[in-house]
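K.L.:
Just one file: my_file07.txt, with compact mmCIF, C-alpha atoms.
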```
# COMPACT_ATOMS: atom_id res chain seq x y z
CA MET N 54 86.14 147.34 73.91
CA SER N 55 83.58 146.52 71.19
CA ARG N 56 81.93 143.25 70.23
CA ALA N 57 80.22 142.37 66.94
CA PHE N 58 77.30 140.07 66.14
CA LEU N 59 76.31 139.08 62.60
CA VAL N 60 72.95 137.29 62.48
CA VAL N 61 71.81 135.80 59.16
CA MET N 62 68.10 135.11 58.81
CA ASP N 63 68.53 132.51 56.11
CA SER N 64 66.56 133.41 52.95
CA VAL N 65 64.67 136.42 54.41
CA GLY N 66 64.92 138.49 51.24
CA ALA N 67 63.43 141.91 50.48
CA GLY N 68 63.07 141.78 46.68
CA GLY N 69 64.38 144.35 44.24
CA ALA N 70 67.53 142.67 42.88
CA PRO N 71 68.14 144.34 39.50
CA ASP N 72 69.63 141.14 38.08
CA ALA N 73 66.79 138.88 39.27
CA GLY N 74 65.87 138.20 35.64
CA ASP N 75 69.14 136.31 35.22
CA PHE N 76 68.12 133.72 37.85
CA PHE N 77 65.34 131.18 37.53
CA ASN N 78 62.96 128.80 39.25
CA GLY N 79 62.39 126.34 36.45
CA ALA N 80 61.54 128.45 33.41
CA ARG N 81 60.34 131.41 35.47
CA PRO N 82 62.80 134.23 36.19
CA ASP N 83 63.03 135.59 39.74
CA THR N 84 61.95 139.05 38.61
CA GLY N 85 59.45 140.34 41.16
CA ALA N 86 60.20 137.80 43.89
CA ASN N 87 60.01 139.40 47.35
CA THR N 88 60.07 137.07 50.33
CA LEU N 89 59.13 139.54 53.08
CA ALA N 90 56.67 141.69 51.17
CA HIS N 91 54.80 138.74 49.69
CA ILE N 92 54.52 136.95 53.04
CA ALA N 93 53.26 140.16 54.67
CA ARG N 94 50.71 140.61 51.89
CA ALA N 95 49.50 137.03 52.20
CA CYS N 96 49.08 137.50 55.96
CA ALA N 97 47.16 140.77 55.49
CA GLU N 98 44.84 139.08 52.98
CA GLY N 99 44.12 136.11 55.24
CA ARG N 100 46.11 133.62 53.13
CA ALA N 101 48.51 132.55 55.89
CA GLU N 102 46.23 131.34 58.66
CA GLU N 103 47.71 127.94 59.50
CA GLY N 104 49.01 128.05 63.06
CA ARG N 105 48.76 131.86 63.17
CA SER N 106 46.32 134.57 62.14
CA GLY N 107 46.08 138.12 60.89
CA PRO N 108 48.71 140.60 59.71
CA LEU N 109 52.39 139.72 59.98
CA ARG N 110 53.63 140.99 63.34
CA MET N 111 57.35 141.73 63.71
CA PRO N 112 57.49 144.69 66.11
CA ALA N 113 61.11 144.24 67.25
CA LEU N 114 62.61 144.20 63.75
CA ASP N 115 60.16 146.79 62.46
CA ALA N 116 61.36 149.09 65.24
CA LEU N 117 64.90 148.71 63.90
CA GLY N 118 63.70 149.59 60.39
CA LEU N 119 62.55 146.39 58.66
CA SER N 120 59.66 147.98 56.73
CA ALA N 121 61.88 150.86 55.67
CA ALA N 122 64.57 148.39 54.52
CA VAL N 123 62.08 146.48 52.37
CA ARG N 124 60.84 149.74 50.86
CA LEU N 125 64.42 150.77 50.08
CA ALA N 126 65.25 147.37 48.59
CA SER N 127 62.26 146.97 46.32
CA GLY N 128 59.85 149.87 46.66
CA ALA N 129 57.33 147.48 48.23
CA CYS N 130 55.27 148.47 51.24
CA MET N 131 54.81 145.80 53.87
CA PRO N 132 51.19 145.81 55.08
CA GLY N 133 51.13 146.62 58.77
CA PRO N 134 51.58 149.53 61.14
CA GLY N 135 55.20 150.45 60.37
CA VAL N 136 57.06 152.70 62.76
CA ALA N 137 59.80 155.27 62.49
CA PRO N 138 63.07 153.28 62.59
CA ARG N 139 64.97 153.41 65.88
CA GLY N 140 67.95 151.42 64.60
CA LEU N 141 70.31 151.37 61.65
CA TRP N 142 68.62 150.19 58.47
CA GLY N 143 69.43 149.62 54.84
CA ALA N 144 69.42 147.00 52.12
CA ALA N 145 72.22 144.99 50.53
CA GLN N 146 72.76 143.71 47.02
CA GLU N 147 74.86 140.68 46.05
CA VAL N 148 77.67 140.74 43.50
CA SER N 149 78.48 137.00 43.42
CA PRO N 150 76.95 135.07 40.51
CA GLY N 151 74.77 132.85 42.67
CA LYS N 152 71.83 132.78 45.05
CA ASP N 153 73.23 130.03 47.25
CA THR N 154 74.29 129.78 50.88
CA PRO N 155 78.10 129.93 50.52
CA SER N 156 78.01 132.85 48.07
CA GLY N 157 75.77 134.90 50.32
CA HIS N 158 77.62 134.20 53.55
CA TRP N 159 81.10 134.61 52.11
CA GLU N 160 80.19 137.93 50.55
CA LEU N 161 78.56 139.14 53.79
CA ALA N 162 81.93 138.29 55.36
CA GLY N 163 83.79 140.37 52.77
CA VAL N 164 84.66 137.93 49.97
CA ALA N 165 82.75 137.82 46.69
CA VAL N 166 82.85 134.51 44.83
CA PRO N 167 85.30 134.81 41.91
CA TRP N 168 84.05 131.80 39.94
CA GLU N 169 80.90 130.25 38.52
CA TRP N 170 79.61 127.35 40.61
CA HIS N 171 79.06 124.01 38.91
CA HIS N 172 75.44 122.85 38.84
CA PHE N 173 74.34 119.37 37.88
CA PRO N 174 71.79 119.14 35.06
CA ASP N 175 68.17 118.30 35.84
CA THR N 176 68.38 115.02 33.95
CA LEU N 177 68.30 111.29 34.68
CA PRO N 178 71.01 110.53 35.57
CA ALA N 179 72.18 113.88 36.96
CA PHE N 180 75.76 112.84 37.74
CA PRO N 181 78.52 111.79 35.35
CA GLU N 182 79.39 108.11 35.42
CA GLU N 183 82.94 108.71 36.65
CA LEU N 184 81.61 110.57 39.72
CA THR N 185 79.14 107.79 40.46
CA LYS N 186 81.99 105.27 40.34
CA VAL N 187 84.00 107.32 42.84
CA VAL N 188 81.05 107.45 45.25
CA CYS N 189 80.43 103.71 44.93
CA GLU N 190 84.07 102.94 45.60
CA ALA N 191 84.15 105.21 48.65
CA ALA N 192 80.86 103.76 49.96
CA GLY N 193 81.80 100.16 49.23
CA THR N 194 78.59 99.60 47.27
CA GLU N 195 77.76 98.45 43.76
CA GLY N 196 75.61 101.46 43.02
CA ILE N 197 73.81 104.56 44.25
CA LEU N 198 70.15 105.47 44.45
CA GLY N 199 68.55 108.68 43.22
CA ASN N 200 71.07 110.27 40.87
CA CYS N 201 68.66 113.13 40.22
CA HIS N 202 67.33 116.50 41.32
CA ALA N 203 65.01 116.03 44.28
CA SER N 204 63.61 117.34 47.52
CA GLY N 205 65.38 115.69 50.45
CA THR N 206 62.24 114.67 52.30
CA GLU N 207 60.58 113.40 49.13
CA ILE N 208 63.49 111.28 47.95
CA VAL N 209 64.01 109.70 51.37
CA ALA N 210 60.32 108.82 51.53
CA ARG N 211 60.47 107.37 48.02
CA LEU N 212 63.79 105.51 48.19
CA GLY N 213 64.34 104.92 51.90
CA GLU N 214 62.98 101.36 51.83
CA THR N 215 65.19 100.47 48.84
CA HIS N 216 68.14 102.02 50.66
CA LEU N 217 67.52 99.76 53.68
CA ARG N 218 67.27 96.71 51.44
CA THR N 219 70.34 97.40 49.24
CA GLY N 220 72.56 99.49 51.49
CA TRP N 221 73.17 101.89 48.61
CA PRO N 222 73.44 105.61 49.50
CA ILE N 223 70.80 108.01 48.18
CA CYS N 224 72.54 110.71 46.12
CA TYR N 225 70.74 113.77 44.81
CA THR N 226 71.16 117.45 44.01
CA SER N 227 69.11 120.60 43.52
CA ALA N 228 69.28 123.92 41.72
CA ASP N 229 72.05 124.82 44.18
CA SER N 230 75.65 123.76 43.63
CA VAL N 231 75.38 120.75 45.96
CA PHE N 232 75.89 117.00 46.09
CA GLN N 233 73.75 115.48 48.85
CA ILE N 234 73.99 111.98 50.29
CA ALA N 235 71.19 110.60 52.45
CA ALA N 236 71.60 107.44 54.50
CA HIS N 237 69.99 105.75 57.49
CA GLU N 238 71.85 106.53 60.71
CA GLU N 239 71.58 103.01 62.11
CA ALA N 240 71.45 100.77 59.04
CA PHE N 241 74.14 102.60 57.04
CA GLY N 242 75.84 104.28 60.00
CA LEU N 243 76.26 107.96 60.77
CA GLU N 244 80.06 107.85 60.92
CA ARG N 245 80.18 105.89 57.69
CA LEU N 246 78.01 108.53 56.01
CA LEU N 247 80.17 111.38 57.29
CA THR N 248 83.34 109.58 56.19
CA LEU N 249 81.84 109.00 52.75
CA CYS N 250 81.01 112.70 52.36
CA LYS N 251 84.41 113.77 53.63
CA THR N 252 86.13 111.39 51.19
CA VAL N 253 84.31 112.56 48.07
CA ALA N 254 84.19 116.27 49.01
CA PRO N 255 87.63 117.20 47.57
CA ILE N 256 86.64 115.72 44.22
CA LEU N 257 83.38 117.69 44.16
CA HIS N 258 85.14 120.84 45.28
CA GLY N 259 87.57 120.40 42.40
CA LEU N 260 84.57 120.56 40.08
CA ARG N 261 83.47 123.84 41.80
CA VAL N 262 80.56 122.16 43.51
CA GLY N 263 80.05 124.27 46.62
CA ARG N 264 78.95 121.70 49.19
CA VAL N 265 78.73 118.00 49.84
CA ILE N 266 75.95 117.54 52.39
CA ALA N 267 75.41 114.51 54.64
CA ARG N 268 71.67 114.00 55.16
CA PRO N 269 71.17 111.30 57.82
CA PHE N 270 67.72 109.99 58.62
CA THR N 271 66.10 107.44 60.90
CA GLY N 272 62.83 105.55 61.09
CA GLU N 273 61.03 102.94 59.07
CA PRO N 274 59.28 102.88 55.68
CA GLY N 275 56.40 105.33 55.79
CA ALA N 276 57.90 107.14 58.78
CA PHE N 277 61.41 108.28 57.89
CA THR N 278 62.67 111.43 59.62
CA ARG N 279 65.78 113.47 58.88
CA THR N 280 67.92 114.03 61.97
CA ALA N 281 69.79 117.05 63.30
CA ASN N 282 73.15 115.42 62.42
CA ARG N 283 73.34 117.05 58.99
CA ARG N 284 76.90 118.04 58.07
CA ASP N 285 78.03 120.30 55.24
CA PHE N 286 81.46 119.79 53.69
CA ALA N 287 81.94 123.14 51.96
CA ILE N 288 84.69 124.40 49.73
CA ALA N 289 86.88 126.86 51.65
CA PRO N 290 86.50 130.60 50.97
CA PRO N 291 88.93 131.82 48.29
CA ALA N 292 90.35 134.64 50.46
CA PRO N 293 90.47 135.70 54.12
CA THR N 294 87.04 136.74 55.43
CA LEU N 295 85.83 138.84 58.32
CA CYS N 296 86.31 135.77 60.51
CA ASP N 297 90.01 135.66 59.63
CA TRP N 298 90.36 139.42 60.14
CA VAL N 299 88.98 139.09 63.67
CA GLN N 300 91.25 136.17 64.51
CA GLY N 301 94.23 138.01 63.02
CA ALA N 302 93.59 140.86 65.44
CA GLY N 303 93.50 138.45 68.38
CA GLY N 304 89.73 138.16 68.69
CA ARG N 305 87.64 135.02 68.93
CA VAL N 306 85.00 133.97 66.41
CA HIS N 307 81.97 132.09 67.71
CA ALA N 308 79.83 130.27 65.12
CA VAL N 309 76.16 129.58 65.80
CA GLY N 310 74.36 127.17 63.47
CA LYS N 311 75.92 126.01 60.21
CA ILE N 312 78.47 128.85 59.95
CA GLY N 313 81.37 126.50 60.71
CA ASP N 314 80.34 124.24 57.84
CA ILE N 315 79.81 127.13 55.41
CA PHE N 316 83.31 128.47 56.08
CA SER N 317 84.94 125.04 56.29
CA MET N 318 85.96 126.09 59.84
CA GLN N 319 88.31 128.68 58.36
CA GLY N 320 88.54 131.52 60.89
CA ILE N 321 86.18 129.83 63.38
CA ASP N 322 87.06 129.13 67.02
CA ASP N 323 83.99 127.21 68.21
CA VAL N 324 80.58 126.10 67.00
CA ALA N 325 77.17 125.74 68.65
CA LYS N 326 74.50 123.82 66.72
CA GLY N 327 70.89 122.79 67.18
CA THR N 328 67.38 123.76 66.16
CA ASP N 329 66.66 127.44 65.61
CA ALA N 330 65.13 127.61 69.09
CA GLU N 331 68.32 126.15 70.55
CA LEU N 332 70.44 128.49 68.44
CA MET N 333 68.59 131.47 69.85
CA GLY N 334 69.60 130.26 73.30
CA HIS N 335 73.23 130.04 72.17
CA LEU N 336 73.06 133.54 70.67
CA GLY N 337 71.63 134.91 73.92
CA ARG N 338 74.36 133.20 75.91
CA LEU N 339 77.05 134.73 73.71
CA VAL N 340 75.48 138.19 74.05
CA ASP N 341 75.92 137.69 77.79
CA GLU N 342 79.34 136.03 77.71
CA ALA N 343 81.29 136.72 74.50
CA GLU N 344 84.69 138.38 74.92
CA ASN N 345 85.58 141.92 73.98
CA GLY N 346 86.89 142.08 70.43
CA SER N 347 84.95 138.97 69.41
CA LEU N 348 82.65 138.21 66.50
CA THR N 349 79.58 136.03 66.92
CA PHE N 350 78.34 134.82 63.52
CA ALA N 351 74.94 133.10 63.53
CA ASN N 352 72.71 131.48 60.93
CA PHE N 353 69.04 130.70 61.53
CA VAL N 354 68.22 128.24 58.77
CA GLU N 355 64.65 127.06 59.36
CA PHE N 356 63.02 129.93 57.44
CA ASP N 357 64.73 128.46 54.39
CA SER N 358 64.94 124.73 55.03
CA LEU N 359 61.50 124.13 56.54
CA TYR N 360 59.33 126.73 54.85
CA GLY N 361 60.91 128.54 51.90
CA HIS N 362 61.81 125.53 49.78
CA ARG N 363 58.50 123.89 50.66
CA ARG N 364 56.59 127.05 49.67
CA ASP N 365 54.84 127.09 53.05
CA VAL N 366 53.67 130.69 53.49
CA SER N 367 51.99 130.17 56.87
CA GLY N 368 54.99 128.28 58.22
CA TYR N 369 57.39 131.00 57.05
CA ALA N 370 55.20 133.68 58.66
CA ARG N 371 55.12 131.72 61.92
CA ALA N 372 58.92 131.44 61.85
CA LEU N 373 59.32 135.18 61.25
CA GLU N 374 57.02 136.04 64.14
CA TRP N 375 58.75 133.53 66.42
CA PHE N 376 62.16 134.98 65.54
CA ASP N 377 61.00 138.53 66.14
CA ALA N 378 59.62 137.67 69.59
CA ALA N 379 62.71 135.61 70.51
CA ILE N 380 65.30 138.17 69.36
CA ALA N 381 63.67 141.07 71.24
CA PRO N 382 65.06 140.18 74.71
CA VAL N 383 68.45 139.37 73.15
CA LEU N 384 68.58 142.86 71.62
CA ASP N 385 67.74 144.34 74.99
CA ARG N 386 70.83 142.71 76.52
CA LEU N 387 73.36 144.19 74.09
CA ARG N 388 76.10 146.18 75.80
CA PRO N 389 76.63 149.87 75.00
CA ASP N 390 79.63 149.18 72.73
CA ASP N 391 78.06 146.22 70.86
CA LEU N 392 76.84 146.19 67.28
CA MET N 393 74.48 143.49 66.04
CA ILE N 394 73.64 143.37 62.34
CA LEU N 395 70.70 141.26 61.23
CA THR N 396 70.51 140.43 57.54
CA ALA N 397 69.98 137.55 55.06
CA ASP N 398 71.99 135.65 52.47
CA HIS N 399 69.42 135.43 49.63
CA GLY N 400 65.67 135.10 49.21
CA ASN N 401 63.33 132.12 49.14
CA ASP N 402 59.91 133.56 48.38
CA PRO N 403 57.34 130.93 49.49
CA THR N 404 54.73 132.47 47.19
CA TRP N 405 56.95 131.87 44.13
CA SER N 406 56.83 128.92 41.75
CA GLY N 407 59.43 126.18 41.98
CA THR N 408 61.41 125.23 45.08
CA ASP N 409 64.69 127.11 44.62
CA HIS N 410 66.06 130.23 46.29
CA THR N 411 65.08 133.56 44.76
CA ARG N 412 67.55 136.31 43.78
CA GLU N 413 66.73 139.30 46.01
CA ARG N 414 68.25 142.16 47.89
CA VAL N 415 68.25 141.65 51.65
CA PRO N 416 67.43 143.85 54.63
CA VAL N 417 70.29 145.11 56.79
CA LEU N 418 69.32 146.10 60.34
CA GLY N 419 71.71 147.34 62.99
CA ALA N 420 71.12 147.40 66.75
CA GLY N 421 73.24 148.94 69.48
CA GLN N 422 74.82 151.90 67.69
CA GLY N 423 72.10 154.48 67.23
CA ALA N 424 69.68 155.03 64.39
CA GLY N 425 69.91 156.10 60.77
CA GLU N 426 69.74 155.01 57.16
CA LEU N 427 72.63 152.92 55.89
CA GLY N 428 71.34 153.17 52.33
CA LEU N 429 71.73 150.65 49.53
CA MET N 430 74.98 148.77 50.07
CA ALA N 431 76.85 145.73 48.81
CA PHE N 432 76.88 142.50 50.82
CA ALA N 433 80.58 143.00 51.49
CA ASP N 434 79.84 146.35 53.11
CA VAL N 435 78.29 144.41 56.00
CA ALA N 436 81.74 142.96 56.72
CA ALA N 437 83.33 146.39 56.34
CA THR N 438 80.84 147.91 58.79
CA LEU N 439 81.53 145.27 61.43
CA ALA N 440 85.28 145.47 60.86
CA ALA N 441 85.19 149.23 61.34
CA HIS N 442 83.17 148.79 64.53
CA LEU N 443 85.82 146.42 65.88
CA GLY N 444 88.62 148.74 64.82
CA LEU N 445 90.06 146.22 62.37
CA ALA N 446 92.17 146.94 59.33
CA GLU N 447 90.49 144.91 56.61
CA ARG N 448 92.56 142.09 55.21
CA GLY N 449 90.34 141.51 52.20
CA GLN N 450 91.49 144.37 50.01
CA GLY N 451 90.56 144.21 46.36
CA GLN N 452 87.14 142.58 46.80
CA ASP N 453 84.53 144.01 44.44
CA ARG N 454 81.84 145.68 46.57
CA ARG N 455 79.85 147.43 43.91
CA PRO N 456 76.16 146.54 43.82
CA ALA N 457 75.45 144.46 40.74
```
What is this file in structure tokens?
P.N.:
Amino acid sequence: MSRAFLVVMDSVGAGGAPDAGDFFNGARPDTGANTLAHIARACAEGRAEEGRSGPLRMPALDALGLSAAVRLASGACMPGPGVAPRGLWGAAQEVSPGKDTPSGHWELAGVAVPWEWHHFPDTLPAFPEELTKVVCEAAGTEGILGNCHASGTEIVARLGETHLRTGWPICYTSADSVFQIAAHEEAFGLERLLTLCKTVAPILHGLRVGRVIARPFTGEPGAFTRTANRRDFAIAPPAPTLCDWVQGAGGRVHAVGKIGDIFSMQGIDDVAKGTDAELMGHLGRLVDEAENGSLTFANFVEFDSLYGHRRDVSGYARALEWFDAAIAPVLDRLRPDDLMILTADHGNDPTWSGTDHTRERVPVLGAGQGAGELGLMAFADVAATLAAHLGLAERGQGQDRRPA
């Protein structure tokens, strides 16, 4: 009996989205953004030499068809050897009106987002007074800190000392539909922070804010560090997803990384978390141990969180090369009836201006079921492909799958 594996390389876009001009980083539209092609070009030109050197090397994914997928997505040629694809390859285009994590993952799992997300304005303050009052009441404080658009590491460095002195939570947002709360794990308390986020999440979800994110940190002024205890409180998907289809057929769904948070645990049986290196170990274990009829759904986030938003080209290239080397032995252990699809949820071109995601098509690579071109597809076709492999009757009829 078959097994399915869906591996999301968070933000590893391939350019070419025809509606990229409708999405912006500041005043600049995303037209022309291309995460993979621009990183490969920077490497080839010697502009990504920190901690690595030379052309971008991704032989395992290139063997599946990565270069061909980028060319299909955007017409761009990735500098490097390039080989004839030995796997399934194509490119996917998003329908949902966003370039955020929930939109991308939900649509990859078969459900396009039927609404416009709420985004907070880039003003001071960013949040309406009535929302601030709700947060203060739930936190038991007289006020909040931040109340603005910010980078998480920057705002903790800037306001962490004031947070320790006042006990007020640090609240901030970004170009995504998010409400983030940072607090010191010891001084404020991790459980108190998680309870605060859980309490205010239904109110934010009612506003169509996609996620409330707990951002715990430790340390002292001048040396604050965010911890691995991040928790996302996401709005639930608006319809049954691939995860629910699998469970409805009696299969188990194993989440690796932040998948459980993204889907609000809807359709998820168990979760394994950690750093990307630890997640690769969990993915390998599930390739060895997962049950017949199961879905393993994994997200590797560090491309996005550590390097894309920070516009760190060398760091992103290092992460891509690490992933390629680490996934190669996992691919070799797939069973004859397995299908693993590797794809992405959006772009985050580190050569672009601003710090936000970029609207891009994404590569779709398939291992375990022969070779061939999948063509240009919709995100939701990834779910349909995996459902067909598992012999499932889709339970998400009526979802719009047409490329935008």
K.L.:
Output as a tab-separated table one row per residue of stretch 179-243 of chain N within 8 Å of stretch 390-411 of chain N: the closest atom pair and its distance in Å to one decimal place, counting only C-alpha atoms, sorted by chain and residue number ascending.
P.N.:
```
residue	atom	partner	partner_atom	distance
N:Ser227	CA	N:Asp409	CA	7.9
N:Ala228	CA	N:Asp409	CA	6.3
N:Asp229	CA	N:Asp409	CA	7.7
```
K.L.:
Keeping only C-alpha atoms, write the selected residues to a file as a PDB file, in the frame of the given file.
P.N.:
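Result file is again08.pdb:
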```pdb
ATOM      1  CA  SER N 227      69.110 120.600  43.520  1.00  0.00           C
ATOM      2  CA  ALA N 228      69.280 123.920  41.720  1.00  0.00           C
ATOM      3  CA  ASP N 229      72.050 124.820  44.180  1.00  0.00           C
TER       4      ASP N 229
END
```
K.L.:
Determine the nearest neighbour of N:Thr185 from the options N:Val209, N:Leu59, N:Val253, N:Ala302, counting only C-alpha atoms.
P.N.:
N:Val253
K.L.:
Please provide as an NGL selection string all residues within 12 Å of N:Gly334, with the sequence filter that same-chain residues fewer than 6 positions apart are discarded (counting only C-alpha atoms).
P.N.:
:N and (309-310 or 325-328 or 340-341 or 351 or 353 or 376 or 379-380 or 382-383)
K.L.:
Can you tell me which residues surround N:Ile92 at a distance of at most 9 Å, considering all atoms listed in the file, apart from same-chain residues fewer than 5 positions away, and format the answer as a PyMOL selection string?
P.N.:
chain N and resi 87+97+101+109+131+366-367+369-370+402-404
K.L.:
If you measure from atom CA of N:Arg100 to atom CA of N:Glu331, what distance in Å do you get, rounded to one decimal?
P.N.:
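Going from atom CA of N:Arg100 over to atom CA of N:Glu331 covers 29.2 Å.
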K.L.:
If you measure from atom CA of N:Gly304 to atom CA of N:Gly346, what distance in Å do you get, rounded to one decimal?
P.N.:
5.1 Å
K.L.:
Which residue is closest to N:Gln300? Choose from N:Thr349, N:Asn282, N:Thr206, N:Ser106 and count only C-alpha atoms.
P.N.:
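The answer is N:Thr349, which sits nearest to N:Gln300.
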K.L.:
Could you check how far atom CA of N:Ala73 sits from atom CA of N:Glu413, in Å to one decimal?
P.N.:
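Atom-to-atom, atom CA of N:Ala73 to atom CA of N:Glu413, that is 6.8 Å.
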K.L.:
Which residue is closest to N:Ala292? Choose from N:Ala129, N:Val166, N:Ala67, N:Ala378 and count only C-alpha atoms.
P.N.:
N:Val166
K.L.:
Have a look at N:Asn352, N:Thr88, N:Thr226, N:Gln233 and name the one nearest to N:Arg364; count only C-alpha atoms.
P.N.:
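The shortest atom-to-atom distance to N:Arg364 comes from N:Thr88.
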K.L.:
Quick one: residues within 9 Å of N:Pro290, all atoms listed in the file, excluding same-chain residues fewer than 4 positions away - as a VMD selection string?
P.N.:
chain N and resid 155 159 164 166 294 315 to 317 319
K.L.:
Considering all atoms listed in the file, state which residue in the set N:Glu273, N:Asp75, N:Glu238, N:Glu195 is at the smallest distance from N:Gly213.
P.N.:
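Of the candidates, the smallest distance to N:Gly213 is held by N:Glu273.
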K.L.:
Give the answer as one residue: which of N:Val415, N:His158, N:Arg284, N:Leu117 has the shortest atom-to-atom distance to N:Ala90, using all atoms listed in the file?
P.N.:
N:Val415
K.L.:
Taking 5 positions as the minimum chain separation for residues in the same chain, which residues sit within 12 Å of N:Gly199 when counting only C-alpha atoms? Answer as a list in words.
P.N.:
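Surrounding residues, per the criterion: Thr176, Leu177, Pro178, Ala179, Phe180, Thr185, Ser204, Gly205, Glu207, Ile208, Val209, Ala210, Arg211, Leu212, Gly213, Thr215, His216, Trp221, Pro222, Ile223, Cys224, Tyr225, Thr226, Ser227, Phe232, Gln233, Ile234, Ala235 and Ala236 of chain N.
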K.L.:
Mind writing the picked residues with C-alpha atoms as a PDB file, in the frame of the given file?
P.N.:
```
ATOM      1  CA  THR N 176      68.380 115.020  33.950  1.00  0.00           C
ATOM      2  CA  LEU N 177      68.300 111.290  34.680  1.00  0.00           C
ATOM      3  CA  PRO N 178      71.010 110.530  35.570  1.00  0.00           C
ATOM      4  CA  ALA N 179      72.180 113.880  36.960  1.00  0.00           C
ATOM      5  CA  PHE N 180      75.760 112.840  37.740  1.00  0.00           C
ATOM      6  CA  THR N 185      79.140 107.790  40.460  1.00  0.00           C
ATOM      7  CA  SER N 204      63.610 117.340  47.520  1.00  0.00           C
ATOM      8  CA  GLY N 205      65.380 115.690  50.450  1.00  0.00           C
ATOM      9  CA  GLU N 207      60.580 113.400  49.130  1.00  0.00           C
ATOM     10  CA  ILE N 208      63.490 111.280  47.950  1.00  0.00           C
ATOM     11  CA  VAL N 209      64.010 109.700  51.370  1.00  0.00           C
ATOM     12  CA  ALA N 210      60.320 108.820  51.530  1.00  0.00           C
ATOM     13  CA  ARG N 211      60.470 107.370  48.020  1.00  0.00           C
ATOM     14  CA  LEU N 212      63.790 105.510  48.190  1.00  0.00           C
ATOM     15  CA  GLY N 213      64.340 104.920  51.900  1.00  0.00           C
ATOM     16  CA  THR N 215      65.190 100.470  48.840  1.00  0.00           C
ATOM     17  CA  HIS N 216      68.140 102.020  50.660  1.00  0.00           C
ATOM     18  CA  TRP N 221      73.170 101.890  48.610  1.00  0.00           C
ATOM     19  CA  PRO N 222      73.440 105.610  49.500  1.00  0.00           C
ATOM     20  CA  ILE N 223      70.800 108.010  48.180  1.00  0.00           C
ATOM     21  CA  CYS N 224      72.540 110.710  46.120  1.00  0.00           C
ATOM     22  CA  TYR N 225      70.740 113.770  44.810  1.00  0.00           C
ATOM     23  CA  THR N 226      71.160 117.450  44.010  1.00  0.00           C
ATOM     24  CA  SER N 227      69.110 120.600  43.520  1.00  0.00           C
ATOM     25  CA  PHE N 232      75.890 117.000  46.090  1.00  0.00           C
ATOM     26  CA  GLN N 233      73.750 115.480  48.850  1.00  0.00           C
ATOM     27  CA  ILE N 234      73.990 111.980  50.290  1.00  0.00           C
ATOM     28  CA  ALA N 235      71.190 110.600  52.450  1.00  0.00           C
ATOM     29  CA  ALA N 236      71.600 107.440  54.500  1.00  0.00           C
TER      30      ALA N 236
END
```
K.L.:
Env of N:Ala145: 7 Å cut, atoms = only C-alpha atoms, seq-sep filter 3 positions within chain, self excluded. Answer as a CSV table (one decimal) with C-alpha atoms, in the frame of the given file.
P.N.:
```csv
chain,number,residue,atom,x,y,z
N,414,ARG,CA,68.2,142.2,47.9
N,415,VAL,CA,68.2,141.6,51.6
N,416,PRO,CA,67.4,143.8,54.6
N,417,VAL,CA,70.3,145.1,56.8
N,429,LEU,CA,71.7,150.6,49.5
N,430,MET,CA,75.0,148.8,50.1
N,431,ALA,CA,76.8,145.7,48.8
N,432,PHE,CA,76.9,142.5,50.8
```
